[in-house]
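Visitor: Supplied structure: input.cif, mmCIF, C-alpha atoms.
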data_structure
loop_
_atom_site.label_atom_id
_atom_site.label_comp_id
_atom_site.auth_asym_id
_atom_site.auth_seq_id
_atom_site.Cartn_x
_atom_site.Cartn_y
_atom_site.Cartn_z
CA MET A 962 53.04 -8.95 -30.98
CA ILE A 963 56.03 -9.96 -28.85
CA THR A 964 55.64 -9.34 -25.13
CA LEU A 965 58.68 -8.82 -22.90
CA LYS A 966 58.25 -10.24 -19.42
CA SER A 967 59.27 -8.52 -16.19
CA PRO A 968 61.47 -10.32 -13.64
CA ARG A 969 58.33 -10.89 -11.55
CA GLU A 970 56.47 -12.44 -14.49
CA ILE A 971 59.44 -14.69 -15.26
CA GLU A 972 59.53 -15.78 -11.62
CA MET A 973 55.84 -16.72 -11.82
CA MET A 974 56.44 -18.64 -15.04
CA ASP A 975 59.32 -20.42 -13.30
CA GLU A 976 56.85 -21.63 -10.64
CA SER A 977 54.54 -22.90 -13.37
CA GLY A 978 57.49 -24.59 -15.06
CA GLU A 979 58.52 -26.30 -11.84
CA LEU A 980 55.06 -27.88 -11.54
CA LEU A 981 55.25 -29.04 -15.15
CA ALA A 982 58.75 -30.43 -14.66
CA ASP A 983 57.51 -32.35 -11.62
CA VAL A 984 54.90 -34.06 -13.79
CA HIS A 985 57.63 -35.22 -16.17
CA ARG A 986 59.75 -36.48 -13.26
CA HIS A 987 56.85 -38.67 -12.14
CA LEU A 988 56.21 -39.94 -15.66
CA ARG A 989 59.66 -41.53 -15.74
CA ASP A 990 58.40 -44.32 -13.48
CA PHE A 991 54.77 -44.27 -14.64
CA ILE A 992 55.47 -45.00 -18.32
CA LYS A 993 56.11 -48.70 -18.93
CA PRO A 994 54.89 -51.50 -21.20
CA GLY A 995 51.17 -52.15 -20.75
CA VAL A 996 50.27 -48.59 -19.72
CA THR A 997 47.94 -46.74 -22.10
CA SER A 998 48.40 -43.15 -23.19
CA MET A 999 44.87 -42.50 -21.88
CA GLU A 1000 46.15 -43.54 -18.45
CA ILE A 1001 49.06 -41.12 -18.92
CA GLU A 1002 46.51 -38.42 -19.80
CA LYS A 1003 44.54 -39.05 -16.60
CA PHE A 1004 47.69 -39.14 -14.46
CA VAL A 1005 48.92 -35.82 -15.87
CA LYS A 1006 45.58 -34.04 -15.56
CA ASP A 1007 45.03 -35.25 -12.00
CA PHE A 1008 48.59 -34.34 -10.98
CA ILE A 1009 48.37 -30.80 -12.37
CA GLU A 1010 44.97 -30.11 -10.86
CA SER A 1011 45.80 -31.63 -7.45
CA HIS A 1012 48.76 -29.23 -7.24
CA GLY A 1013 46.69 -26.14 -7.97
CA GLY A 1014 47.41 -25.86 -11.70
CA ILE A 1015 45.31 -25.89 -14.84
CA ALA A 1016 45.91 -28.26 -17.74
CA ALA A 1017 46.02 -25.40 -20.23
CA GLN A 1018 45.88 -27.44 -23.44
CA ILE A 1019 42.27 -28.47 -22.75
CA GLY A 1020 40.10 -26.24 -24.92
CA PHE A 1021 43.02 -24.64 -26.78
CA GLU A 1022 41.74 -24.21 -30.34
CA GLY A 1023 39.26 -26.98 -29.57
CA TYR A 1024 41.78 -29.56 -28.32
CA GLU A 1025 40.18 -31.93 -25.78
CA TYR A 1026 43.08 -33.32 -23.77
CA ALA A 1027 45.62 -32.25 -21.14
CA THR A 1028 48.40 -33.96 -23.10
CA CYS A 1029 49.56 -34.72 -26.59
CA CYS A 1030 50.79 -38.33 -26.58
CA SER A 1031 52.60 -39.02 -29.85
CA ILE A 1032 53.91 -42.54 -30.44
CA ASN A 1033 56.69 -43.75 -32.75
CA ASP A 1034 56.12 -42.20 -36.21
CA GLU A 1035 53.71 -39.58 -34.86
CA ILE A 1036 55.60 -36.28 -34.83
CA CYS A 1037 53.25 -34.34 -32.56
CA HIS A 1038 49.66 -33.73 -31.40
CA GLY A 1039 48.83 -37.40 -30.95
CA PHE A 1040 45.58 -38.07 -29.08
CA PRO A 1041 45.68 -40.16 -25.89
CA ARG A 1042 44.14 -43.59 -26.53
CA LYS A 1043 43.32 -46.88 -24.81
CA LYS A 1044 45.79 -49.11 -26.70
CA PRO A 1045 48.54 -50.35 -24.34
CA LEU A 1046 52.10 -49.28 -25.02
CA LYS A 1047 54.50 -52.10 -25.81
CA LYS A 1048 58.18 -52.62 -25.12
CA GLY A 1049 60.28 -50.74 -27.65
CA ASP A 1050 57.77 -47.93 -28.27
CA LEU A 1051 58.79 -44.27 -28.14
CA ILE A 1052 56.23 -41.86 -26.72
CA LYS A 1053 56.41 -38.08 -26.62
CA VAL A 1054 54.31 -36.44 -23.87
CA ASP A 1055 53.66 -32.73 -24.40
CA MET A 1056 51.71 -30.51 -22.01
CA CYS A 1057 51.08 -26.92 -20.99
CA VAL A 1058 50.47 -25.79 -17.41
CA GLU A 1059 48.86 -22.62 -16.15
CA TYR A 1060 49.73 -21.94 -12.52
CA LYS A 1061 48.63 -18.75 -10.76
CA GLY A 1062 48.04 -17.23 -14.18
CA ALA A 1063 51.50 -18.09 -15.56
CA MET A 1064 52.15 -20.46 -18.48
CA SER A 1065 54.76 -23.12 -19.17
CA ASP A 1066 55.16 -25.72 -21.92
CA SER A 1067 57.37 -28.80 -22.17
CA CYS A 1068 57.53 -32.06 -24.11
CA TRP A 1069 59.69 -35.07 -23.26
CA SER A 1070 60.44 -38.33 -25.05
CA TYR A 1071 60.15 -41.60 -23.14
CA ALA A 1072 61.41 -45.04 -24.07
CA VAL A 1073 58.84 -47.71 -23.22
CA GLY A 1074 61.03 -50.39 -21.74
CA GLU A 1075 64.13 -51.04 -23.83
CA VAL A 1076 64.21 -49.45 -27.28
CA SER A 1077 66.42 -50.26 -30.28
CA PRO A 1078 69.91 -48.73 -30.51
CA GLU A 1079 68.73 -46.52 -33.39
CA ILE A 1080 65.89 -45.04 -31.34
CA GLU A 1081 68.11 -44.63 -28.29
CA ARG A 1082 70.52 -42.65 -30.46
CA LEU A 1083 67.63 -40.62 -31.94
CA MET A 1084 66.61 -39.63 -28.41
CA GLU A 1085 70.16 -38.69 -27.43
CA VAL A 1086 70.70 -36.57 -30.55
CA THR A 1087 67.34 -34.80 -30.16
CA LYS A 1088 68.00 -33.96 -26.52
CA LYS A 1089 71.48 -32.64 -27.31
CA ALA A 1090 70.03 -30.61 -30.19
CA LEU A 1091 67.62 -28.96 -27.74
CA TYR A 1092 70.45 -27.86 -25.47
CA LEU A 1093 72.59 -26.67 -28.36
CA GLY A 1094 69.66 -24.49 -29.39
CA ILE A 1095 69.24 -23.20 -25.85
CA GLU A 1096 72.92 -22.22 -25.73
CA GLN A 1097 72.23 -19.80 -28.60
CA ALA A 1098 69.29 -18.13 -26.79
CA GLN A 1099 71.39 -15.14 -25.75
CA VAL A 1100 70.56 -11.44 -25.68
CA GLY A 1101 71.73 -10.00 -29.01
CA ASN A 1102 71.74 -13.30 -30.90
CA ARG A 1103 69.20 -13.93 -33.64
CA ILE A 1104 66.51 -16.58 -33.98
CA GLY A 1105 68.44 -18.09 -36.90
CA ASP A 1106 71.31 -18.87 -34.53
CA ILE A 1107 69.06 -21.24 -32.58
CA GLY A 1108 67.78 -23.08 -35.63
CA HIS A 1109 71.21 -23.25 -37.26
CA ALA A 1110 72.76 -24.88 -34.19
CA ILE A 1111 70.01 -27.50 -34.04
CA GLN A 1112 69.90 -28.22 -37.77
CA THR A 1113 73.64 -28.52 -38.37
CA TYR A 1114 74.07 -30.90 -35.44
CA ALA A 1115 71.03 -33.12 -36.12
CA GLU A 1116 71.66 -33.39 -39.85
CA GLY A 1117 75.34 -34.01 -39.21
CA GLU A 1118 74.29 -37.03 -37.14
CA GLY A 1119 72.21 -38.40 -40.03
CA PHE A 1120 68.76 -37.30 -38.88
CA SER A 1121 66.28 -34.75 -40.26
CA VAL A 1122 64.62 -31.70 -38.69
CA VAL A 1123 60.86 -31.17 -38.92
CA ARG A 1124 60.01 -27.87 -40.63
CA ASP A 1125 56.24 -27.72 -40.21
CA PHE A 1126 56.19 -27.27 -36.42
CA VAL A 1127 58.32 -24.75 -34.54
CA GLY A 1128 58.88 -23.25 -31.12
CA HIS A 1129 57.13 -20.05 -30.09
CA GLY A 1130 56.75 -17.26 -27.62
CA ILE A 1131 54.66 -18.04 -24.56
CA GLY A 1132 52.79 -16.11 -21.87
CA PRO A 1133 50.23 -14.91 -21.11
CA THR A 1134 48.77 -17.30 -23.73
CA ILE A 1135 50.14 -20.64 -24.94
CA HIS A 1136 51.28 -19.59 -28.44
CA GLU A 1137 52.65 -16.12 -29.11
CA GLU A 1138 55.16 -14.47 -31.38
CA PRO A 1139 57.94 -15.01 -32.28
CA ALA A 1140 58.12 -18.33 -34.11
CA ILE A 1141 61.31 -20.26 -33.30
CA PRO A 1142 62.24 -22.61 -36.19
CA HIS A 1143 64.62 -25.48 -35.50
CA TYR A 1144 66.43 -24.89 -38.78
CA GLY A 1145 67.87 -21.74 -40.28
CA VAL A 1146 70.82 -19.52 -41.06
CA ALA A 1147 73.10 -18.17 -38.37
CA GLY A 1148 72.94 -14.39 -38.00
CA LYS A 1149 69.50 -14.15 -39.62
CA GLY A 1150 66.10 -13.43 -38.15
CA LEU A 1151 64.74 -11.42 -35.26
CA ARG A 1152 67.22 -10.31 -32.61
CA LEU A 1153 66.65 -11.82 -29.15
CA LYS A 1154 65.91 -9.37 -26.34
CA GLU A 1155 65.99 -9.55 -22.57
CA GLY A 1156 62.57 -10.50 -21.23
CA MET A 1157 61.51 -12.72 -24.13
CA VAL A 1158 60.13 -16.09 -23.03
CA ILE A 1159 60.14 -18.77 -25.72
CA THR A 1160 59.97 -22.50 -26.27
CA ILE A 1161 62.60 -24.48 -28.12
CA GLU A 1162 61.22 -27.90 -29.10
CA PRO A 1163 63.06 -29.70 -31.90
CA MET A 1164 61.31 -32.63 -33.55
CA ILE A 1165 63.94 -34.88 -35.12
CA ASN A 1166 63.21 -37.82 -37.46
CA THR A 1167 65.08 -40.97 -38.43
CA GLY A 1168 63.94 -40.54 -42.05
CA VAL A 1169 62.72 -37.56 -44.07
CA TRP A 1170 61.55 -34.35 -42.41
CA GLN A 1171 58.29 -34.11 -44.36
CA MET A 1172 55.03 -34.95 -42.63
CA LYS A 1173 51.46 -36.02 -43.38
CA MET A 1174 48.34 -35.15 -41.42
CA ASP A 1175 45.87 -37.53 -39.83
CA PRO A 1176 42.22 -37.04 -40.86
CA ASN A 1177 41.57 -35.91 -37.26
CA GLY A 1178 43.17 -32.60 -38.24
CA TRP A 1179 45.64 -32.62 -35.34
CA THR A 1180 48.09 -35.50 -35.43
CA ALA A 1181 51.14 -35.24 -37.69
CA TYR A 1182 53.01 -38.35 -38.87
CA THR A 1183 56.35 -38.68 -40.63
CA LYS A 1184 55.79 -39.02 -44.36
CA ASP A 1185 57.95 -42.14 -44.72
CA GLY A 1186 57.06 -43.89 -41.45
CA GLY A 1187 60.37 -43.05 -39.77
CA TRP A 1188 60.25 -42.46 -36.04
CA SER A 1189 60.35 -39.02 -34.45
CA ALA A 1190 61.60 -37.72 -31.08
CA GLN A 1191 61.00 -34.38 -29.39
CA TYR A 1192 62.28 -32.51 -26.34
CA GLU A 1193 61.05 -29.07 -25.34
CA HIS A 1194 61.81 -26.49 -22.68
CA THR A 1195 60.34 -23.09 -21.89
CA LEU A 1196 63.09 -20.54 -21.26
CA ALA A 1197 63.57 -16.85 -20.57
CA ILE A 1198 66.13 -14.66 -22.32
CA THR A 1199 68.11 -12.85 -19.60
CA LYS A 1200 71.28 -10.78 -19.39
CA GLU A 1201 72.89 -13.74 -17.59
CA GLY A 1202 71.96 -16.14 -20.39
CA PRO A 1203 69.02 -18.45 -21.03
CA LYS A 1204 67.06 -19.41 -17.92
CA ILE A 1205 65.28 -22.74 -18.34
CA LEU A 1206 61.90 -22.53 -16.62
CA THR A 1207 60.90 -26.19 -17.07
CA SER A 1208 64.15 -27.77 -15.90
CA GLN A 1209 63.80 -31.26 -14.47
CA GLY A 1210 67.27 -31.32 -12.93
CA GLU A 1211 70.80 -31.42 -14.26
CA GLU A 1212 70.83 -29.48 -17.53
CA GLY A 1213 71.78 -31.43 -20.58
CA THR A 1214 70.25 -34.48 -18.91
CA TYR A 1215 66.86 -33.16 -17.85
#
For this file, produce the structure as structure tokens.

Guide:
Amino acid sequence: MITLKSPREIEMMDESGELLADVHRHLRDFIKPGVTSMEIEKFVKDFIESHGGIAAQIGFEGYEYATCCSINDEICHGFPRKKPLKKGDLIKVDMCVEYKGAMSDSCWSYAVGEVSPEIERLMEVTKKALYLGIEQAQVGNRIGDIGHAIQTYAEGEGFSVVRDFVGHGIGPTIHEEPAIPHYGVAGKGLRLKEGMVITIEPMINTGVWQMKMDPNGWTAYTKDGGWSAQYEHTLAITKEGPKILTSQGEEGTY
């Protein structure tokens, strides 16, 4: 079932999103060579809780951590671990925050020190793909318009778009209808309505889009070992256009 949010509910989700965005702002300086993703996990959990929020991923379908920390060829749902990050790594930090009963969800990609030109370009293309998708999140447009904008741009730049994991509705729980694929046909799919709150979270790979699963049942890797980047925002569909609830600052940049 798709729930339409009231202006008051969207305002509350915006407060939750601001807390989540603040975590990502602080991670920009925290993430560096030598830091472990388990240290990132502790930093995020402590930050959320010290600001009155709940790290909502903990316990979701049995997941144990406040973050998903996916490194290099891990597409998503990587477990935090004690191995130090090294210069040139690419880490994606994904988290959900519940604040005063309202949900938000956002993932960001971080270069660990200086990365290769190919990975820097992967990050730039993935981030731009996110915002191209957001531009299509207009009342009256269809879900296929979002995926089409992302897919045509990313593939046109020589990258591939993950099919197995998609965006989703959010609030009052983490994952709700509708599913928001990052590929598709313009003009097809469910029509977007005022009051919908969704995530758009393209996962873009340097190689093939297919994935393989870790025996842990959570972590997805690229099938060919290519690297993967991801950026995600939570946004509301409004008459004035998409309202990004997890904005970190200047749109298109953060």

Visitor: Can you list what the PyMOL selection byres ((chain A and resi 1010-1021) around 10) grabs from this structure, as a PyMOL selection string?

Guide: chain A and resi 977+980-981+1005-1009+1022-1029+1055-1066+1134-1136

Visitor: Between atom CA of Leu1051 of chain A and atom CA of Asn1033 of chain A, what is the distance in Å, rounded to a tenth?

Guide: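 Value for the atom CA of Leu1051 of chain A-atom CA of Asn1033 of chain A distance: 5.1 Å.
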
Visitor: With distances taken over all atoms listed in the file, which residue among A:Gln1099, A:Ala1090, A:Ala1115, A:His1143 lies nearest Thr1199 of chain A?

Guide: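 For Thr1199 of chain A, the nearest of the candidates is A:Gln1099.
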
Visitor: Using all atoms listed in the file, can you tell me which of A:Ile1111, A:Leu1206, A:Val1123, A:Met999 comes closest to Gly1168 of chain A?

Guide: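 Smallest separation from Gly1168 of chain A among the options: A:Val1123.
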
Visitor: Check what the PyMOL selection byres ((chain A and resi 1202) around 8) selects in the file above and give those residues as a list in words.

Guide: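 Applying the expression gives Ala1098, Gln1099, Val1100, Ile1198, Thr1199, Lys1200, Glu1201, Pro1203 and Lys1204 of chain A.
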
Visitor: Name the residues in contact with Lys1048 of chain A at a cut-off of 6 Å, using all atoms listed in the file, excluding same-chain residues fewer than 4 positions from it; report them as a PyMOL selection string.

Guide: chain A and resi 994+1073-1074

Visitor: Quick one: which residues end up in the PyMOL selection byres ((chain A and resi 967) around 12) for this structure, as a CSV table (one decimal) with C-alpha atoms, in the coordinates of the input?

Guide:
chain,number,residue,atom,x,y,z
A,964,THR,CA,55.6,-9.3,-25.1
A,965,LEU,CA,58.7,-8.8,-22.9
A,966,LYS,CA,58.2,-10.2,-19.4
A,968,PRO,CA,61.5,-10.3,-13.6
A,969,ARG,CA,58.3,-10.9,-11.6
A,970,GLU,CA,56.5,-12.4,-14.5
A,971,ILE,CA,59.4,-14.7,-15.3
A,972,GLU,CA,59.5,-15.8,-11.6
A,973,MET,CA,55.8,-16.7,-11.8
A,974,MET,CA,56.4,-18.6,-15.0
A,1132,GLY,CA,52.8,-16.1,-21.9
A,1155,GLU,CA,66.0,-9.6,-22.6
A,1156,GLY,CA,62.6,-10.5,-21.2
A,1157,MET,CA,61.5,-12.7,-24.1
A,1158,VAL,CA,60.1,-16.1,-23.0
A,1197,ALA,CA,63.6,-16.8,-20.6
A,1198,ILE,CA,66.1,-14.7,-22.3
A,1199,THR,CA,68.1,-12.8,-19.6

Visitor: For each of A:Asp983, A:His1194, A:Ser998, A:Gly1039, take the minimum atom-to-atom distance to Gly1178 of chain A, counting only C-alpha atoms, then give the residue where this is smallest.

Guide: A:Gly1039
